$ cat start-v2.txt   # compact mmCIF, N, CA and C atoms
# COMPACT_ATOMS: atom_id res chain seq x y z
N MET A 1 -44.42 19.92 -27.22
CA MET A 1 -45.32 19.29 -26.33
C MET A 1 -44.76 17.97 -25.81
N GLY A 2 -44.00 17.23 -26.59
CA GLY A 2 -43.45 15.96 -26.16
C GLY A 2 -42.12 16.10 -25.43
N ARG A 3 -41.68 17.32 -25.20
CA ARG A 3 -40.39 17.52 -24.54
C ARG A 3 -40.52 17.38 -23.04
N GLU A 4 -39.47 16.86 -22.43
CA GLU A 4 -39.42 16.78 -20.97
C GLU A 4 -38.62 17.95 -20.45
N ASP A 5 -39.08 18.50 -19.36
CA ASP A 5 -38.29 19.54 -18.71
C ASP A 5 -37.16 18.87 -17.97
N ARG A 6 -35.94 19.23 -18.28
CA ARG A 6 -34.78 18.61 -17.65
C ARG A 6 -34.19 19.57 -16.64
N THR A 7 -33.90 19.05 -15.48
CA THR A 7 -33.24 19.83 -14.44
C THR A 7 -31.85 19.26 -14.24
N PRO A 8 -30.93 20.09 -13.83
CA PRO A 8 -29.57 19.57 -13.58
C PRO A 8 -29.62 18.48 -12.50
N ALA A 9 -28.76 17.52 -12.66
CA ALA A 9 -28.71 16.42 -11.68
C ALA A 9 -28.33 16.97 -10.31
N GLU A 10 -29.03 16.54 -9.31
CA GLU A 10 -28.72 16.98 -7.96
C GLU A 10 -27.57 16.15 -7.42
N ILE A 11 -26.64 16.82 -6.79
CA ILE A 11 -25.51 16.14 -6.17
C ILE A 11 -25.87 15.94 -4.71
N ARG A 12 -25.93 14.70 -4.29
CA ARG A 12 -26.30 14.39 -2.91
C ARG A 12 -25.06 14.43 -2.02
N THR A 13 -25.31 14.55 -0.72
CA THR A 13 -24.22 14.56 0.25
C THR A 13 -23.43 13.27 0.19
N THR A 14 -24.10 12.15 -0.04
CA THR A 14 -23.38 10.88 -0.12
C THR A 14 -22.41 10.85 -1.30
N ASP A 15 -22.77 11.52 -2.40
CA ASP A 15 -21.86 11.61 -3.54
C ASP A 15 -20.62 12.41 -3.16
N LYS A 16 -20.82 13.49 -2.43
CA LYS A 16 -19.70 14.34 -2.00
C LYS A 16 -18.80 13.59 -1.03
N LEU A 17 -19.39 12.84 -0.12
CA LEU A 17 -18.60 12.06 0.83
C LEU A 17 -17.83 10.95 0.12
N LYS A 18 -18.45 10.36 -0.89
CA LYS A 18 -17.79 9.32 -1.67
C LYS A 18 -16.57 9.90 -2.38
N ILE A 19 -16.73 11.07 -2.99
CA ILE A 19 -15.61 11.72 -3.68
C ILE A 19 -14.53 12.12 -2.68
N GLN A 20 -14.93 12.58 -1.50
CA GLN A 20 -13.96 12.93 -0.47
C GLN A 20 -13.12 11.71 -0.10
N LYS A 21 -13.74 10.56 0.04
CA LYS A 21 -13.02 9.33 0.37
C LYS A 21 -12.11 8.90 -0.78
N ILE A 22 -12.62 8.97 -1.99
CA ILE A 22 -11.81 8.55 -3.16
C ILE A 22 -10.58 9.43 -3.30
N LEU A 23 -10.74 10.75 -3.16
CA LEU A 23 -9.60 11.65 -3.26
C LEU A 23 -8.63 11.45 -2.09
N GLY A 24 -9.18 11.17 -0.91
CA GLY A 24 -8.34 10.88 0.24
C GLY A 24 -7.52 9.61 0.03
N ASP A 25 -8.15 8.60 -0.54
CA ASP A 25 -7.44 7.35 -0.84
C ASP A 25 -6.37 7.55 -1.91
N ALA A 26 -6.57 8.57 -2.76
CA ALA A 26 -5.59 8.87 -3.81
C ALA A 26 -4.40 9.66 -3.26
N GLY A 27 -4.45 10.01 -1.95
CA GLY A 27 -3.32 10.69 -1.34
C GLY A 27 -3.50 12.19 -1.16
N TYR A 28 -4.67 12.71 -1.43
CA TYR A 28 -4.92 14.14 -1.28
C TYR A 28 -5.52 14.42 0.09
N ILE A 29 -5.28 15.62 0.60
CA ILE A 29 -5.91 16.09 1.82
C ILE A 29 -7.19 16.78 1.39
N VAL A 30 -8.34 16.28 1.86
CA VAL A 30 -9.63 16.80 1.42
C VAL A 30 -10.40 17.28 2.64
N GLU A 31 -10.98 18.47 2.51
CA GLU A 31 -11.86 19.00 3.55
C GLU A 31 -13.15 19.43 2.90
N MET A 32 -14.21 19.47 3.67
CA MET A 32 -15.48 19.95 3.15
C MET A 32 -15.53 21.45 3.40
N GLY A 33 -15.49 22.23 2.35
CA GLY A 33 -15.46 23.67 2.45
C GLY A 33 -16.84 24.27 2.68
N ASN A 34 -16.97 25.55 2.44
CA ASN A 34 -18.25 26.24 2.61
C ASN A 34 -19.31 25.61 1.73
N GLY A 35 -20.46 25.39 2.30
CA GLY A 35 -21.54 24.80 1.53
C GLY A 35 -21.32 23.34 1.22
N SER A 36 -20.49 22.68 2.01
CA SER A 36 -20.19 21.26 1.84
C SER A 36 -19.62 20.94 0.47
N VAL A 37 -18.67 21.73 0.03
CA VAL A 37 -17.98 21.49 -1.24
C VAL A 37 -16.66 20.79 -0.93
N PRO A 38 -16.40 19.62 -1.51
CA PRO A 38 -15.11 18.96 -1.27
C PRO A 38 -13.98 19.84 -1.80
N THR A 39 -13.02 20.14 -0.93
CA THR A 39 -11.90 21.00 -1.29
C THR A 39 -10.60 20.28 -1.02
N VAL A 40 -9.75 20.19 -2.02
CA VAL A 40 -8.44 19.54 -1.90
C VAL A 40 -7.44 20.60 -1.48
N VAL A 41 -6.66 20.29 -0.44
CA VAL A 41 -5.60 21.18 0.03
C VAL A 41 -4.30 20.65 -0.54
N CYS A 42 -3.70 21.44 -1.44
CA CYS A 42 -2.44 21.03 -2.04
C CYS A 42 -1.31 21.14 -1.02
N LYS A 43 -0.32 20.30 -1.16
CA LYS A 43 0.80 20.33 -0.23
C LYS A 43 1.70 21.53 -0.47
N ARG A 44 1.80 21.94 -1.74
CA ARG A 44 2.61 23.11 -2.08
C ARG A 44 1.85 23.95 -3.10
N ARG A 45 2.01 25.25 -3.01
CA ARG A 45 1.33 26.16 -3.92
C ARG A 45 1.74 25.89 -5.37
N GLU A 46 2.97 25.51 -5.59
CA GLU A 46 3.49 25.28 -6.93
C GLU A 46 2.84 24.06 -7.59
N ASP A 47 2.30 23.15 -6.80
CA ASP A 47 1.72 21.92 -7.33
C ASP A 47 0.25 22.04 -7.69
N MET A 48 -0.35 23.19 -7.49
CA MET A 48 -1.79 23.33 -7.67
C MET A 48 -2.25 22.99 -9.09
N SER A 49 -1.59 23.49 -10.10
CA SER A 49 -2.05 23.24 -11.47
C SER A 49 -1.89 21.76 -11.85
N LYS A 50 -0.82 21.13 -11.39
CA LYS A 50 -0.61 19.71 -11.67
C LYS A 50 -1.66 18.88 -10.93
N ASP A 51 -1.90 19.22 -9.66
CA ASP A 51 -2.90 18.49 -8.88
C ASP A 51 -4.29 18.69 -9.44
N LEU A 52 -4.60 19.89 -9.92
CA LEU A 52 -5.92 20.17 -10.47
C LEU A 52 -6.22 19.26 -11.66
N ALA A 53 -5.25 19.08 -12.53
CA ALA A 53 -5.44 18.21 -13.69
C ALA A 53 -5.69 16.76 -13.25
N ALA A 54 -4.94 16.30 -12.27
CA ALA A 54 -5.10 14.92 -11.78
C ALA A 54 -6.45 14.75 -11.09
N ILE A 55 -6.87 15.75 -10.33
CA ILE A 55 -8.16 15.69 -9.63
C ILE A 55 -9.31 15.68 -10.62
N ARG A 56 -9.23 16.52 -11.64
CA ARG A 56 -10.28 16.52 -12.66
C ARG A 56 -10.40 15.16 -13.34
N LYS A 57 -9.26 14.52 -13.58
CA LYS A 57 -9.27 13.20 -14.21
C LYS A 57 -9.98 12.19 -13.30
N ILE A 58 -9.67 12.22 -12.00
CA ILE A 58 -10.31 11.30 -11.05
C ILE A 58 -11.80 11.55 -11.00
N LEU A 59 -12.21 12.82 -10.95
CA LEU A 59 -13.63 13.15 -10.87
C LEU A 59 -14.37 12.75 -12.14
N LYS A 60 -13.71 12.90 -13.28
CA LYS A 60 -14.33 12.49 -14.55
C LYS A 60 -14.52 10.99 -14.59
N GLU A 61 -13.52 10.24 -14.11
CA GLU A 61 -13.63 8.78 -14.07
C GLU A 61 -14.78 8.34 -13.16
N GLN A 62 -15.02 9.10 -12.09
CA GLN A 62 -16.09 8.76 -11.15
C GLN A 62 -17.44 9.35 -11.57
N ARG A 63 -17.45 10.07 -12.67
CA ARG A 63 -18.67 10.72 -13.18
C ARG A 63 -19.29 11.69 -12.17
N TYR A 64 -18.42 12.38 -11.45
CA TYR A 64 -18.86 13.37 -10.47
C TYR A 64 -18.99 14.71 -11.20
N GLU A 65 -20.16 15.29 -11.15
CA GLU A 65 -20.42 16.54 -11.87
C GLU A 65 -20.66 17.72 -10.94
N GLY A 66 -20.45 17.53 -9.65
CA GLY A 66 -20.69 18.58 -8.67
C GLY A 66 -19.51 19.53 -8.56
N SER A 67 -19.66 20.49 -7.69
CA SER A 67 -18.61 21.46 -7.43
C SER A 67 -17.50 20.85 -6.58
N PHE A 68 -16.31 21.36 -6.76
CA PHE A 68 -15.18 20.98 -5.93
C PHE A 68 -14.22 22.14 -5.91
N GLY A 69 -13.29 22.12 -4.98
CA GLY A 69 -12.32 23.20 -4.86
C GLY A 69 -10.92 22.67 -4.70
N VAL A 70 -9.96 23.52 -5.03
CA VAL A 70 -8.55 23.24 -4.83
C VAL A 70 -7.94 24.50 -4.26
N ARG A 71 -7.20 24.37 -3.19
CA ARG A 71 -6.58 25.56 -2.59
C ARG A 71 -5.16 25.26 -2.14
N ALA A 72 -4.41 26.33 -2.01
CA ALA A 72 -3.05 26.24 -1.50
C ALA A 72 -3.09 26.12 0.02
N PRO A 73 -2.03 25.64 0.62
CA PRO A 73 -2.03 25.54 2.09
C PRO A 73 -2.01 26.93 2.73
N ARG A 74 -2.70 27.04 3.85
CA ARG A 74 -2.68 28.28 4.63
C ARG A 74 -1.49 28.23 5.57
N LYS A 75 -1.20 29.37 6.18
CA LYS A 75 -0.10 29.40 7.14
C LYS A 75 -0.36 28.44 8.29
N THR A 76 -1.60 28.34 8.73
CA THR A 76 -1.91 27.42 9.82
C THR A 76 -1.74 25.97 9.37
N ASP A 77 -2.00 25.68 8.10
CA ASP A 77 -1.78 24.34 7.57
C ASP A 77 -0.29 24.02 7.59
N GLU A 78 0.54 25.00 7.25
CA GLU A 78 1.98 24.79 7.20
C GLU A 78 2.54 24.57 8.60
N ILE A 79 1.98 25.25 9.60
CA ILE A 79 2.44 25.06 10.97
C ILE A 79 2.17 23.63 11.41
N ILE A 80 0.99 23.13 11.10
CA ILE A 80 0.66 21.76 11.46
C ILE A 80 1.58 20.79 10.73
N ALA A 81 1.85 21.05 9.45
CA ALA A 81 2.73 20.18 8.68
C ALA A 81 4.15 20.21 9.25
N ASN A 82 4.61 21.39 9.67
CA ASN A 82 5.95 21.50 10.24
C ASN A 82 6.05 20.79 11.58
N GLU A 83 5.00 20.84 12.40
CA GLU A 83 5.01 20.15 13.68
C GLU A 83 5.08 18.65 13.48
N GLU A 84 4.41 18.14 12.46
CA GLU A 84 4.40 16.71 12.21
C GLU A 84 5.74 16.21 11.70
N THR A 85 6.54 17.07 11.07
CA THR A 85 7.80 16.64 10.50
C THR A 85 8.98 16.83 11.44
N GLU A 86 8.74 17.32 12.67
CA GLU A 86 9.84 17.47 13.62
C GLU A 86 10.41 16.11 13.94
N SER A 87 11.72 16.07 14.12
CA SER A 87 12.36 14.80 14.44
C SER A 87 12.11 14.44 15.89
N PRO A 88 12.13 13.16 16.23
CA PRO A 88 11.90 12.75 17.61
C PRO A 88 12.96 13.28 18.57
N GLU A 89 14.18 13.52 18.07
CA GLU A 89 15.24 14.04 18.93
C GLU A 89 14.90 15.42 19.45
N VAL A 90 14.32 16.26 18.60
CA VAL A 90 13.94 17.61 19.01
C VAL A 90 12.84 17.54 20.05
N ILE A 91 11.88 16.65 19.86
CA ILE A 91 10.79 16.50 20.80
C ILE A 91 11.32 16.00 22.14
N ASP A 92 12.27 15.05 22.14
CA ASP A 92 12.84 14.53 23.38
C ASP A 92 13.55 15.64 24.15
N GLU A 93 14.19 16.58 23.44
CA GLU A 93 14.87 17.67 24.10
C GLU A 93 13.89 18.64 24.73
N LEU A 94 12.73 18.81 24.11
CA LEU A 94 11.74 19.76 24.61
C LEU A 94 11.01 19.22 25.83
N VAL A 95 10.77 17.95 25.91
CA VAL A 95 9.97 17.38 27.00
C VAL A 95 10.66 17.57 28.36
N PRO A 96 11.96 17.26 28.55
CA PRO A 96 12.57 17.46 29.88
C PRO A 96 12.61 18.93 30.26
N ALA A 97 12.79 19.82 29.31
CA ALA A 97 12.87 21.25 29.61
C ALA A 97 11.52 21.77 30.10
N ALA A 98 10.42 21.19 29.60
CA ALA A 98 9.10 21.64 29.99
C ALA A 98 8.74 21.17 31.39
N GLY A 99 9.30 20.06 31.85
CA GLY A 99 8.94 19.49 33.14
C GLY A 99 9.75 20.07 34.21

$ encode --input "start-v2.txt" --output "structure tokens"
Amino acid sequence: MGREDRTPAEIRTTDKLKIQKILGDAGYIVEMGNGSVPTVVCKRREDMSKDLAAIRKILKEQRYEGSFGVRAPRKTDEIIANEETESPEVIDELVPAAG
């Protein structure tokens, strides 16, 4: 009779956005996945297990108890990453040819 009914703590959108910012500041690429779940995009598939341990540590320090995700880069992510790493010399060669 003296017991309280306990419900799981609700995770608010502001908590998710706060975690997204904290992980972003830590150097991770973070996107809000399906259902507004913060999802970290690893730079390489091989780094996922190492990154997962570091992310869990950050979330534990922040006392975040909500859902989160970790995923490997998609092919479209790799294309964007490859475009960003092109040297300026290659870009200079492409611009006159296009005009």

$ atom_distance --input "start-v2.txt" --atom1 "atom N of Arg12 (chain A)" --atom2 "atom C of Ile55 (chain A)"
17.8 Å

$ atom_distance --input "start-v2.txt" --atom1 "CA of Ala72 (chain A)" --atom2 "CA of Arg45 (chain A)"
5.0 Å

$ residues_around --input "start-v2.txt" --residues "Gln62 (chain A)" --least-positions-apart "3" --cutoff "10 Å" --atoms "only C-alpha atoms" --output "PyMOL selection string"
chain A and resi 15+18-19+22+56-59+65

$ residues_around --input "start-v2.txt" --residues "Cys42 (chain A)" --least-positions-apart "4" --cutoff "12 Å" --atoms "only C-alpha atoms" --output "list in words"
Leu23, Gly24, Gly27, Tyr28, Ile29, Val30, Glu31, Glu46, Asp47, Met48, Ser49, Lys50, Asp51, Leu52, Ala54, Ile55, Gly69, Val70, Arg71, Ala72, Pro73, Arg74, Asp77, Glu78 and Ala81 of chain A
